[in-house]
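Student: What follows is the file entry.pdb, containing PDB, C-alpha atoms, pLDDT in the B column:
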ATOM      1  CA  MET A 202      31.963  -6.898  15.344  1.00 44.00           C
ATOM      2  CA  PRO A 203      30.276  -4.362  13.064  1.00 44.00           C
ATOM      3  CA  ARG A 204      27.172  -5.589  11.346  1.00 44.00           C
ATOM      4  CA  SER A 205      27.257  -5.925   7.575  1.00 42.00           C
ATOM      5  CA  THR A 206      24.703  -3.802   5.736  1.00 44.00           C
ATOM      6  CA  PRO A 207      22.548  -5.782   3.268  1.00 45.00           C
ATOM      7  CA  GLU A 208      22.598  -4.553  -0.311  1.00 49.00           C
ATOM      8  CA  ALA A 209      19.614  -2.303  -1.019  1.00 50.00           C
ATOM      9  CA  ARG A 210      17.247  -3.696  -3.598  1.00 53.00           C
ATOM     10  CA  PRO A 211      14.594  -1.866  -5.619  1.00 52.00           C
ATOM     11  CA  GLN A 212      11.087  -2.445  -4.327  1.00 58.00           C
ATOM     12  CA  ILE A 213       8.938  -3.432  -7.302  1.00 57.00           C
ATOM     13  CA  VAL A 214       5.186  -3.922  -7.064  1.00 58.00           C
ATOM     14  CA  ARG A 215       2.890  -4.400 -10.032  1.00 58.00           C
ATOM     15  CA  MET A 216      -0.577  -2.964  -9.832  1.00 62.00           C
ATOM     16  CA  PHE A 217      -3.616  -5.207  -9.843  1.00 59.00           C
ATOM     17  CA  GLN A 218      -5.212  -5.208 -13.289  1.00 60.00           C
ATOM     18  CA  ALA A 219      -8.789  -6.439 -13.665  1.00 55.00           C
ATOM     19  CA  PRO A 220      -9.080  -9.066 -16.456  1.00 56.00           C
ATOM     20  CA  ALA A 221     -12.471  -7.715 -17.535  1.00 59.00           C
ATOM     21  CA  TRP A 222     -12.959  -3.990 -17.014  1.00 62.00           C
ATOM     22  CA  GLU A 223     -16.532  -2.724 -17.045  1.00 61.00           C
ATOM     23  CA  GLY A 224     -18.101   0.441 -15.764  1.00 60.00           C
ATOM     24  CA  PRO A 225     -16.073   3.550 -14.820  1.00 62.00           C
ATOM     25  CA  CYS A 226     -12.644   3.690 -16.440  1.00 73.00           C
ATOM     26  CA  PHE A 227     -10.512   5.425 -13.805  1.00 83.00           C
ATOM     27  CA  ARG A 228      -8.125   2.583 -14.282  1.00 81.00           C
ATOM     28  CA  PRO A 229      -4.698   1.945 -12.701  1.00 82.00           C
ATOM     29  CA  LEU A 230      -2.524   0.195 -15.258  1.00 81.00           C
ATOM     30  CA  TYR A 231       0.510  -0.473 -13.085  1.00 83.00           C
ATOM     31  CA  GLY A 232       2.393   1.133 -10.250  1.00 86.00           C
ATOM     32  CA  ALA A 233       5.314   0.692  -7.900  1.00 89.00           C
ATOM     33  CA  GLU A 234       7.416   2.141  -5.138  1.00 89.00           C
ATOM     34  CA  TYR A 235      11.144   1.979  -5.845  1.00 89.00           C
ATOM     35  CA  ASP A 236      14.078   2.728  -3.570  1.00 89.00           C
ATOM     36  CA  GLU A 237      16.904   2.578  -6.098  1.00 87.00           C
ATOM     37  CA  ARG A 238      20.541   2.797  -5.076  1.00 84.00           C
ATOM     38  CA  ILE A 239      22.179   1.152  -8.077  1.00 80.00           C
ATOM     39  CA  PRO A 240      22.450   3.107 -11.375  1.00 77.00           C
ATOM     40  CA  ARG A 241      20.778   1.599 -14.427  1.00 80.00           C
ATOM     41  CA  PRO A 242      20.745   2.600 -18.120  1.00 83.00           C
ATOM     42  CA  PRO A 243      18.933   5.822 -19.040  1.00 79.00           C
ATOM     43  CA  GLN A 244      15.250   5.359 -19.838  1.00 81.00           C
ATOM     44  CA  ARG A 245      14.187   6.884 -23.187  1.00 77.00           C
ATOM     45  CA  LEU A 246      10.535   7.768 -22.672  1.00 71.00           C
ATOM     46  CA  GLU A 247       9.873   8.376 -26.370  1.00 64.00           C
ATOM     47  CA  LEU A 248      10.321   4.646 -27.071  1.00 62.00           C
ATOM     48  CA  GLU A 249       7.714   3.601 -24.508  1.00 62.00           C
ATOM     49  CA  ALA A 250       4.729   3.493 -26.837  1.00 56.00           C
ATOM     50  CA  PHE A 251       3.448  -0.035 -26.306  1.00 57.00           C
ATOM     51  CA  ASP A 252       0.288   1.092 -24.532  1.00 66.00           C
ATOM     52  CA  TYR A 253      -1.836   4.232 -24.436  1.00 78.00           C
ATOM     53  CA  SER A 254      -1.279   5.464 -20.913  1.00 85.00           C
ATOM     54  CA  ALA A 255       0.020   8.302 -18.773  1.00 91.00           C
ATOM     55  CA  SER A 256       2.534   8.097 -15.950  1.00 92.00           C
ATOM     56  CA  TRP A 257       2.954   9.988 -12.680  1.00 96.00           C
ATOM     57  CA  VAL A 258       6.330   9.854 -10.905  1.00 95.00           C
ATOM     58  CA  MET A 259       7.053  11.537  -7.569  1.00 97.00           C
ATOM     59  CA  THR A 260      10.448  11.648  -5.843  1.00 96.00           C
ATOM     60  CA  LEU A 261      10.382  10.981  -2.089  1.00 96.00           C
ATOM     61  CA  ALA A 262      14.133  10.946  -1.358  1.00 95.00           C
ATOM     62  CA  GLY A 263      17.381  11.258  -3.276  1.00 94.00           C
ATOM     63  CA  GLU A 264      17.173  12.429  -6.860  1.00 93.00           C
ATOM     64  CA  ALA A 265      17.115  11.519 -10.540  1.00 93.00           C
ATOM     65  CA  LEU A 266      17.740  13.513 -13.701  1.00 91.00           C
ATOM     66  CA  TYR A 267      15.248  14.217 -16.479  1.00 90.00           C
ATOM     67  CA  ARG A 268      16.590  15.517 -19.816  1.00 89.00           C
ATOM     68  CA  ASP A 269      14.236  17.088 -22.345  1.00 85.00           C
ATOM     69  CA  GLY A 270      16.152  18.379 -25.354  1.00 79.00           C
ATOM     70  CA  GLU A 271      18.624  20.954 -24.067  1.00 78.00           C
ATOM     71  CA  HIS A 272      16.888  21.245 -20.698  1.00 85.00           C
ATOM     72  CA  ARG A 273      17.870  19.274 -17.607  1.00 89.00           C
ATOM     73  CA  HIS A 274      15.659  18.899 -14.555  1.00 92.00           C
ATOM     74  CA  ARG A 275      16.687  17.474 -11.193  1.00 92.00           C
ATOM     75  CA  LEU A 276      13.897  15.366  -9.724  1.00 94.00           C
ATOM     76  CA  THR A 277      14.372  16.096  -6.034  1.00 95.00           C
ATOM     77  CA  PRO A 278      12.038  15.295  -3.087  1.00 97.00           C
ATOM     78  CA  GLY A 279       8.540  16.571  -3.829  1.00 97.00           C
ATOM     79  CA  THR A 280       9.076  16.851  -7.593  1.00 97.00           C
ATOM     80  CA  VAL A 281       6.339  15.341  -9.753  1.00 97.00           C
ATOM     81  CA  LEU A 282       7.036  14.256 -13.342  1.00 95.00           C
ATOM     82  CA  ALA A 283       3.868  13.620 -15.377  1.00 95.00           C
ATOM     83  CA  TYR A 284       3.977  12.402 -18.976  1.00 90.00           C
ATOM     84  CA  GLU A 285       1.995  10.565 -21.631  1.00 88.00           C
ATOM     85  CA  LYS A 286       3.435   7.885 -23.874  1.00 80.00           C
ATOM     86  CA  PRO A 287       5.281   8.514 -26.079  1.00 74.00           C
ATOM     87  CA  SER A 288       6.975  11.475 -24.438  1.00 75.00           C
ATOM     88  CA  PRO A 289      10.115  13.459 -25.226  1.00 77.00           C
ATOM     89  CA  GLY A 290      12.892  13.125 -22.724  1.00 85.00           C
ATOM     90  CA  VAL A 291      15.309  10.748 -21.039  1.00 86.00           C
ATOM     91  CA  LEU A 292      15.119   9.651 -17.424  1.00 87.00           C
ATOM     92  CA  VAL A 293      18.422   8.899 -15.663  1.00 87.00           C
ATOM     93  CA  HIS A 294      17.884   7.057 -12.393  1.00 82.00           C
ATOM     94  CA  PRO A 295      19.654   7.344 -10.086  1.00 81.00           C
ATOM     95  CA  PRO A 296      22.850   9.304 -10.731  1.00 69.00           C
ATOM     96  CA  ALA A 297      26.037   7.303 -10.113  1.00 72.00           C
ATOM     97  CA  GLY A 298      26.554   6.702  -6.422  1.00 73.00           C
ATOM     98  CA  GLY A 299      23.205   8.191  -5.496  1.00 87.00           C
ATOM     99  CA  ARG A 300      19.763   7.115  -4.399  1.00 91.00           C
ATOM    100  CA  TRP A 301      16.301   7.636  -5.867  1.00 92.00           C
ATOM    101  CA  HIS A 302      13.239   6.680  -3.837  1.00 93.00           C
ATOM    102  CA  HIS A 303      10.081   7.355  -5.806  1.00 94.00           C
ATOM    103  CA  LEU A 304       6.461   6.427  -6.413  1.00 94.00           C
ATOM    104  CA  TRP A 305       5.261   5.613  -9.915  1.00 93.00           C
ATOM    105  CA  ILE A 306       1.710   5.020 -11.149  1.00 93.00           C
ATOM    106  CA  ALA A 307       0.422   4.717 -14.716  1.00 90.00           C
ATOM    107  CA  VAL A 308      -3.227   5.033 -15.709  1.00 90.00           C
ATOM    108  CA  THR A 309      -5.285   4.273 -18.777  1.00 85.00           C
ATOM    109  CA  GLY A 310      -8.908   4.853 -19.819  1.00 84.00           C
ATOM    110  CA  GLU A 311     -10.154   8.203 -21.112  1.00 86.00           C
ATOM    111  CA  PRO A 312     -11.583   9.568 -17.810  1.00 88.00           C
ATOM    112  CA  ALA A 313      -8.302   8.896 -15.966  1.00 91.00           C
ATOM    113  CA  LEU A 314      -6.220  10.218 -18.873  1.00 91.00           C
ATOM    114  CA  GLY A 315      -8.421  13.316 -19.003  1.00 92.00           C
ATOM    115  CA  ILE A 316      -7.662  14.274 -15.377  1.00 93.00           C
ATOM    116  CA  HIS A 317      -3.963  13.429 -15.803  1.00 95.00           C
ATOM    117  CA  ARG A 318      -3.745  15.547 -18.971  1.00 93.00           C
ATOM    118  CA  HIS A 319      -5.592  18.490 -17.409  1.00 95.00           C
ATOM    119  CA  VAL A 320      -3.347  18.672 -14.330  1.00 96.00           C
ATOM    120  CA  ALA A 321      -0.154  18.287 -16.384  1.00 94.00           C
ATOM    121  CA  ARG A 322      -1.192  20.989 -18.848  1.00 93.00           C
ATOM    122  CA  THR A 323      -2.359  23.392 -16.145  1.00 94.00           C
ATOM    123  CA  TYR A 324       0.522  23.053 -13.686  1.00 95.00           C
ATOM    124  CA  GLY A 325       3.278  21.683 -15.935  1.00 93.00           C
ATOM    125  CA  ARG A 326       4.652  18.193 -16.438  1.00 92.00           C
ATOM    126  CA  ILE A 327       7.177  18.963 -13.693  1.00 94.00           C
ATOM    127  CA  HIS A 328       5.955  20.593 -10.478  1.00 95.00           C
ATOM    128  CA  GLN A 329       6.298  20.373  -6.694  1.00 95.00           C
ATOM    129  CA  LEU A 330       3.996  18.783  -4.114  1.00 96.00           C
ATOM    130  CA  PRO A 331       4.380  17.975  -0.396  1.00 96.00           C
ATOM    131  CA  VAL A 332       6.223  14.687   0.178  1.00 96.00           C
ATOM    132  CA  ARG A 333       3.933  13.921   3.123  1.00 95.00           C
ATOM    133  CA  GLY A 334       0.763  15.143   1.457  1.00 96.00           C
ATOM    134  CA  GLU A 335      -2.587  13.648   0.527  1.00 97.00           C
ATOM    135  CA  THR A 336      -1.473  12.586  -2.968  1.00 97.00           C
ATOM    136  CA  VAL A 337       1.397  10.455  -1.647  1.00 97.00           C
ATOM    137  CA  ARG A 338      -0.858   8.792   0.934  1.00 96.00           C
ATOM    138  CA  ALA A 339      -3.431   7.921  -1.753  1.00 96.00           C
ATOM    139  CA  ALA A 340      -0.740   6.603  -4.134  1.00 95.00           C
ATOM    140  CA  ARG A 341       0.804   4.438  -1.422  1.00 93.00           C
ATOM    141  CA  ARG A 342      -2.607   3.038  -0.567  1.00 91.00           C
ATOM    142  CA  LEU A 343      -3.064   1.853  -4.169  1.00 88.00           C
ATOM    143  CA  ILE A 344       0.378   0.239  -4.216  1.00 88.00           C
ATOM    144  CA  ARG A 345      -0.033  -1.307  -0.758  1.00 86.00           C
ATOM    145  CA  LEU A 346      -3.301  -2.999  -1.749  1.00 84.00           C
ATOM    146  CA  ALA A 347      -1.658  -4.375  -4.881  1.00 80.00           C
ATOM    147  CA  ALA A 348       1.342  -5.620  -2.891  1.00 77.00           C
ATOM    148  CA  ILE A 349      -0.820  -7.856  -0.697  1.00 78.00           C
ATOM    149  CA  ASN A 350      -2.669  -9.220  -3.758  1.00 68.00           C
ATOM    150  CA  ASP A 351      -5.909  -7.700  -2.533  1.00 66.00           C
ATOM    151  CA  VAL A 352      -8.280  -8.836  -5.291  1.00 71.00           C
ATOM    152  CA  ARG A 353     -10.994  -6.254  -5.722  1.00 74.00           C
ATOM    153  CA  ALA A 354     -13.682  -5.595  -8.305  1.00 76.00           C
ATOM    154  CA  ALA A 355     -12.969  -3.209 -11.159  1.00 78.00           C
ATOM    155  CA  LEU A 356     -15.382  -0.646  -9.695  1.00 81.00           C
ATOM    156  CA  GLU A 357     -13.418  -0.525  -6.437  1.00 83.00           C
ATOM    157  CA  TRP A 358     -10.101  -0.040  -8.234  1.00 84.00           C
ATOM    158  CA  SER A 359     -11.760   2.643 -10.335  1.00 86.00           C
ATOM    159  CA  ALA A 360     -12.920   4.503  -7.209  1.00 87.00           C
ATOM    160  CA  LEU A 361      -9.474   4.281  -5.583  1.00 89.00           C
ATOM    161  CA  THR A 362      -7.792   5.585  -8.745  1.00 91.00           C
ATOM    162  CA  HIS A 363     -10.334   8.404  -8.986  1.00 92.00           C
ATOM    163  CA  ASP A 364      -9.605   9.403  -5.358  1.00 94.00           C
ATOM    164  CA  TRP A 365      -5.835   9.476  -5.985  1.00 95.00           C
ATOM    165  CA  LEU A 366      -6.138  11.537  -9.198  1.00 95.00           C
ATOM    166  CA  ASN A 367      -8.370  14.070  -7.480  1.00 95.00           C
ATOM    167  CA  ALA A 368      -5.985  14.296  -4.518  1.00 96.00           C
ATOM    168  CA  TRP A 369      -3.232  15.187  -7.011  1.00 97.00           C
ATOM    169  CA  TRP A 370      -5.495  17.779  -8.650  1.00 96.00           C
ATOM    170  CA  ARG A 371      -6.377  19.388  -5.280  1.00 96.00           C
ATOM    171  CA  GLU A 372      -2.769  19.581  -4.116  1.00 97.00           C
ATOM    172  CA  ALA A 373      -1.574  20.911  -7.466  1.00 96.00           C
ATOM    173  CA  GLU A 374      -4.117  23.729  -7.190  1.00 95.00           C
ATOM    174  CA  GLN A 375      -2.852  24.512  -3.703  1.00 95.00           C
ATOM    175  CA  HIS A 376       0.919  24.170  -4.150  1.00 94.00           C
ATOM    176  CA  ALA A 377       1.910  24.289  -7.849  1.00 92.00           C
ATOM    177  CA  PRO A 378       1.883  27.507  -9.909  1.00 90.00           C
ATOM    178  CA  ARG A 379       0.139  27.383 -13.271  1.00 90.00           C
ATOM    179  CA  ALA A 380       2.271  26.491 -16.274  1.00 82.00           C
ATOM    180  CA  VAL A 381       2.995  28.939 -19.103  1.00 67.00           C
ATOM    181  CA  ALA A 382       0.549  28.362 -21.997  1.00 51.00           C
ATOM    182  CA  ALA A 383       3.259  28.587 -24.682  1.00 39.00           C
ATOM    183  CA  LEU A 384       5.267  25.823 -23.044  1.00 44.00           C
ATOM    184  CA  ARG A 385       2.216  23.591 -22.781  1.00 46.00           C
ATOM    185  CA  GLU A 386       1.400  23.971 -26.475  1.00 45.00           C
ATOM    186  CA  SER A 387       5.018  23.390 -27.530  1.00 48.00           C
ATOM    187  CA  ASP A 388       5.254  20.234 -25.428  1.00 56.00           C
ATOM    188  CA  GLU A 389       2.023  18.815 -26.846  1.00 53.00           C
ATOM    189  CA  ALA A 390       3.157  19.426 -30.431  1.00 48.00           C
ATOM    190  CA  GLN A 391       6.482  17.732 -29.700  1.00 50.00           C
ATOM    191  CA  ARG A 392       4.738  14.724 -28.140  1.00 50.00           C
ATOM    192  CA  ILE A 393       2.487  14.266 -31.198  1.00 46.00           C
ATOM    193  CA  ALA A 394       5.480  14.521 -33.535  1.00 43.00           C
ATOM    194  CA  LEU A 395       7.306  11.852 -31.527  1.00 44.00           C
ATOM    195  CA  ALA A 396       4.434   9.397 -31.868  1.00 45.00           C
ATOM    196  CA  THR A 397       5.409   8.650 -35.455  1.00 45.00           C
ATOM    197  CA  GLY A 398       9.162   9.113 -35.219  1.00 49.00           C
ATOM    198  CA  SER A 399       9.692   6.927 -32.163  1.00 52.00           C
ATOM    199  CA  LEU A 400       7.734   4.036 -33.669  1.00 52.00           C
ATOM    200  CA  LYS A 401       9.876   4.181 -36.813  1.00 57.00           C
ATOM    201  CA  ARG A 402      13.061   4.102 -34.748  1.00 55.00           C
ATOM    202  CA  MET A 403      11.737   1.253 -32.628  1.00 51.00           C
ATOM    203  CA  ALA A 404      10.799  -0.796 -35.694  1.00 57.00           C
ATOM    204  CA  HIS A 405      14.230  -0.179 -37.214  1.00 56.00           C
ATOM    205  CA  ARG A 406      15.934  -1.424 -34.056  1.00 51.00           C
ATOM    206  CA  LEU A 407      13.799  -4.574 -34.130  1.00 54.00           C
ATOM    207  CA  GLY A 408      14.559  -5.193 -37.803  1.00 59.00           C
ATOM    208  CA  TYR A 409      11.153  -4.187 -39.208  1.00 60.00           C
ATOM    209  CA  SER A 410      10.125  -1.440 -41.589  1.00 57.00           C
TER     210      SER A 410
END
Could you render the structure as structure tokens?
Tutor:
Amino acid sequence: MPRSTPEARPQIVRMFQAPAWEGPCFRPLYGAEYDERIPRPPQRLELEAFDYSASWVMTLAGEALYRDGEHRHRLTPGTVLAYEKPSPGVLVHPPAGGRWHHLWIAVTGEPALGIHRHVARTYGRIHQLPVRGETVRAARRLIRLAAINDVRAALEWSALTHDWLNAWWREAEQHAPRAVAALRESDEAQRIALATGSLKRMAHRLGYS
């Protein structure tokens, strides 16, 4: 008899978060590896303003769709999407009947945000990296340690986050062309404008002024 195939489930892992953070602030806020095969509602990034952080999302297999105004971007294997909160755009994952296997890490703390912001501005919020490269290995190491509840001191998590961010920076310099300055400035202005507008819309939806 043919074997029945178990229903695929998203793999969700929350990053370790130190209760008291002292010293260097290359801080992982949360992270996960997802292998999604069931469509879910579009994710409006402009409404995600509950914390001051930046996210890094890399597609390993399958694809998702990112809409930014009139522009549409397919997030295919090797595509990196980097954004700060709040951010313009809608993330559709995965398309109906498809699959999206991706890594996702968010960071907070000014040193970590500084590196994230620099790479995104220099090489664009959407760029390509090797799926089997150094950045993916470093990201998976962070998530793997969190998955086994490996309790470590804040300084150790800071060092691991620093290593991953610098791996991304090195590979972006090697593989991703530099972004156009005009697009970088336009995106930053749009993000700042959204900071006020999205909070107003969120408050309205919750019944507050």
Student: For the PyMOL selection byres ((chain A and resi 300) around 12), applied here, can you spell out every residue it catches as a ChimeraX atom specification?
Tutor: /A:209-211,235-241,260-266,276-278,293-299,301-303
Student: If you measure from CA of Gly334 in chain A to CA of Ala368 in chain A, what distance in Å do you get, rounded to one decimal?
Tutor: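 Interatomic distance here is 9.1 Å.
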Student: Name all residues at most 9 Å from Leu246 in chain A (count only C-alpha atoms; drop same-chain ones fewer than 6 positions away) and give them as a ChimeraX atom specification.
Tutor: /A:284,286-292
Student: For the file shown, report as a PyMOL selection string the outcome of the PyMOL selection byres ((chain A and resi 258) around 6) at residue level.
Tutor: chain A and resi 257+259+281-282+304-305
Student: Return the single residue from A:Ala321, A:Ala347, A:Val337, A:Ala360 that is closest to Cys226 in chain A, with distances computed using all atoms listed in the file.
Tutor: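 Smallest separation from Cys226 in chain A among the options: A:Ala360.
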Student: One decimal, in Å: what's the spacing between CA of Pro331 in chain A and CA of Arg318 in chain A?
Tutor: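 Pair CA of Pro331 in chain A / CA of Arg318 in chain A returns 20.4 Å.
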Student: Name the residues in contact with His328 in chain A at a cut-off of 9 Å, using only C-alpha atoms, excluding same-chain residues fewer than 6 positions from it; report them as a PyMOL selection string.
Tutor: chain A and resi 279-283+321+373+376-378
Student: Evaluate the PyMOL selection byres ((chain A and resi 314) around 12) and record the selected residues as a PDB file with C-alpha atoms, keeping the file's coordinate frame, following the chain and residue labels used in the document.
Tutor:
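Contents of expr_16.pdb, freshly written:
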ATOM      1  CA  CYS A 226     -12.644   3.690 -16.440  1.00 73.00           C
ATOM      2  CA  PHE A 227     -10.512   5.425 -13.805  1.00 83.00           C
ATOM      3  CA  ARG A 228      -8.125   2.583 -14.282  1.00 81.00           C
ATOM      4  CA  PRO A 229      -4.698   1.945 -12.701  1.00 82.00           C
ATOM      5  CA  LEU A 230      -2.524   0.195 -15.258  1.00 81.00           C
ATOM      6  CA  TYR A 253      -1.836   4.232 -24.436  1.00 78.00           C
ATOM      7  CA  SER A 254      -1.279   5.464 -20.913  1.00 85.00           C
ATOM      8  CA  ALA A 255       0.020   8.302 -18.773  1.00 91.00           C
ATOM      9  CA  SER A 256       2.534   8.097 -15.950  1.00 92.00           C
ATOM     10  CA  TRP A 257       2.954   9.988 -12.680  1.00 96.00           C
ATOM     11  CA  ALA A 283       3.868  13.620 -15.377  1.00 95.00           C
ATOM     12  CA  TYR A 284       3.977  12.402 -18.976  1.00 90.00           C
ATOM     13  CA  GLU A 285       1.995  10.565 -21.631  1.00 88.00           C
ATOM     14  CA  LYS A 286       3.435   7.885 -23.874  1.00 80.00           C
ATOM     15  CA  ALA A 307       0.422   4.717 -14.716  1.00 90.00           C
ATOM     16  CA  VAL A 308      -3.227   5.033 -15.709  1.00 90.00           C
ATOM     17  CA  THR A 309      -5.285   4.273 -18.777  1.00 85.00           C
ATOM     18  CA  GLY A 310      -8.908   4.853 -19.819  1.00 84.00           C
ATOM     19  CA  GLU A 311     -10.154   8.203 -21.112  1.00 86.00           C
ATOM     20  CA  PRO A 312     -11.583   9.568 -17.810  1.00 88.00           C
ATOM     21  CA  ALA A 313      -8.302   8.896 -15.966  1.00 91.00           C
ATOM     22  CA  GLY A 315      -8.421  13.316 -19.003  1.00 92.00           C
ATOM     23  CA  ILE A 316      -7.662  14.274 -15.377  1.00 93.00           C
ATOM     24  CA  HIS A 317      -3.963  13.429 -15.803  1.00 95.00           C
ATOM     25  CA  ARG A 318      -3.745  15.547 -18.971  1.00 93.00           C
ATOM     26  CA  HIS A 319      -5.592  18.490 -17.409  1.00 95.00           C
ATOM     27  CA  VAL A 320      -3.347  18.672 -14.330  1.00 96.00           C
ATOM     28  CA  ALA A 321      -0.154  18.287 -16.384  1.00 94.00           C
ATOM     29  CA  ARG A 322      -1.192  20.989 -18.848  1.00 93.00           C
ATOM     30  CA  THR A 362      -7.792   5.585  -8.745  1.00 91.00           C
ATOM     31  CA  HIS A 363     -10.334   8.404  -8.986  1.00 92.00           C
ATOM     32  CA  LEU A 366      -6.138  11.537  -9.198  1.00 95.00           C
TER      33      LEU A 366
END
Student: Can I get range 267-284 of chain A with N, CA, C and O atoms filled in, as an mmCIF file, in the frame of the given file?
Tutor:
data_model
loop_
_atom_site.group_PDB
_atom_site.id
_atom_site.type_symbol
_atom_site.label_atom_id
_atom_site.label_comp_id
_atom_site.auth_asym_id
_atom_site.auth_seq_id
_atom_site.Cartn_x
_atom_site.Cartn_y
_atom_site.Cartn_z
ATOM 1 N N TYR A 267 16.105 14.301 -15.307
ATOM 2 C CA TYR A 267 15.248 14.217 -16.479
ATOM 3 C C TYR A 267 15.768 15.195 -17.519
ATOM 4 O O TYR A 267 15.908 16.388 -17.253
ATOM 5 N N ARG A 268 16.096 14.674 -18.719
ATOM 6 C CA ARG A 268 16.590 15.517 -19.816
ATOM 7 C C ARG A 268 15.525 15.610 -20.896
ATOM 8 O O ARG A 268 15.008 14.602 -21.370
ATOM 9 N N ASP A 269 15.221 16.835 -21.296
ATOM 10 C CA ASP A 269 14.236 17.088 -22.345
ATOM 11 C C ASP A 269 14.856 18.063 -23.328
ATOM 12 O O ASP A 269 14.852 19.273 -23.110
ATOM 13 N N GLY A 270 15.441 17.516 -24.414
ATOM 14 C CA GLY A 270 16.152 18.379 -25.354
ATOM 15 C C GLY A 270 17.379 18.968 -24.682
ATOM 16 O O GLY A 270 18.203 18.248 -24.120
ATOM 17 N N GLU A 271 17.481 20.292 -24.679
ATOM 18 C CA GLU A 271 18.624 20.954 -24.067
ATOM 19 C C GLU A 271 18.407 21.217 -22.583
ATOM 20 O O GLU A 271 19.316 21.684 -21.897
ATOM 21 N N HIS A 272 17.213 20.944 -22.088
ATOM 22 C CA HIS A 272 16.888 21.245 -20.698
ATOM 23 C C HIS A 272 17.150 20.034 -19.804
ATOM 24 O O HIS A 272 16.892 18.889 -20.181
ATOM 25 N N ARG A 273 17.632 20.314 -18.600
ATOM 26 C CA ARG A 273 17.870 19.274 -17.607
ATOM 27 C C ARG A 273 17.109 19.639 -16.335
ATOM 28 O O ARG A 273 17.144 20.781 -15.899
ATOM 29 N N HIS A 274 16.439 18.670 -15.759
ATOM 30 C CA HIS A 274 15.659 18.899 -14.555
ATOM 31 C C HIS A 274 16.061 17.883 -13.488
ATOM 32 O O HIS A 274 16.051 16.675 -13.737
ATOM 33 N N ARG A 275 16.411 18.365 -12.318
ATOM 34 C CA ARG A 275 16.687 17.474 -11.193
ATOM 35 C C ARG A 275 15.370 17.122 -10.523
ATOM 36 O O ARG A 275 14.609 18.009 -10.147
ATOM 37 N N LEU A 276 15.100 15.834 -10.390
ATOM 38 C CA LEU A 276 13.897 15.366 -9.724
ATOM 39 C C LEU A 276 14.241 15.120 -8.268
ATOM 40 O O LEU A 276 14.703 14.043 -7.888
ATOM 41 N N THR A 277 14.033 16.128 -7.449
ATOM 42 C CA THR A 277 14.372 16.096 -6.034
ATOM 43 C C THR A 277 13.107 15.822 -5.214
ATOM 44 O O THR A 277 12.001 15.780 -5.776
ATOM 45 N N PRO A 278 13.220 15.617 -3.892
ATOM 46 C CA PRO A 278 12.038 15.295 -3.087
ATOM 47 C C PRO A 278 10.899 16.299 -3.284
ATOM 48 O O PRO A 278 11.088 17.505 -3.191
ATOM 49 N N GLY A 279 9.725 15.757 -3.584
ATOM 50 C CA GLY A 279 8.540 16.571 -3.829
ATOM 51 C C GLY A 279 8.277 16.859 -5.292
ATOM 52 O O GLY A 279 7.194 17.325 -5.652
ATOM 53 N N THR A 280 9.259 16.580 -6.169
ATOM 54 C CA THR A 280 9.076 16.851 -7.593
ATOM 55 C C THR A 280 8.198 15.785 -8.242
ATOM 56 O O THR A 280 8.413 14.597 -8.066
ATOM 57 N N VAL A 281 7.208 16.230 -8.985
ATOM 58 C CA VAL A 281 6.339 15.341 -9.753
ATOM 59 C C VAL A 281 6.697 15.455 -11.226
ATOM 60 O O VAL A 281 6.834 16.560 -11.761
ATOM 61 N N LEU A 282 6.866 14.308 -11.894
ATOM 62 C CA LEU A 282 7.036 14.256 -13.342
ATOM 63 C C LEU A 282 5.817 13.536 -13.908
ATOM 64 O O LEU A 282 5.543 12.400 -13.538
ATOM 65 N N ALA A 283 5.066 14.210 -14.773
ATOM 66 C CA ALA A 283 3.868 13.620 -15.377
ATOM 67 C C ALA A 283 4.034 13.625 -16.887
ATOM 68 O O ALA A 283 4.377 14.647 -17.478
ATOM 69 N N TYR A 284 3.804 12.471 -17.526
ATOM 70 C CA TYR A 284 3.977 12.402 -18.976
ATOM 71 C C TYR A 284 3.068 11.346 -19.576
ATOM 72 O O TYR A 284 2.662 10.401 -18.917
#
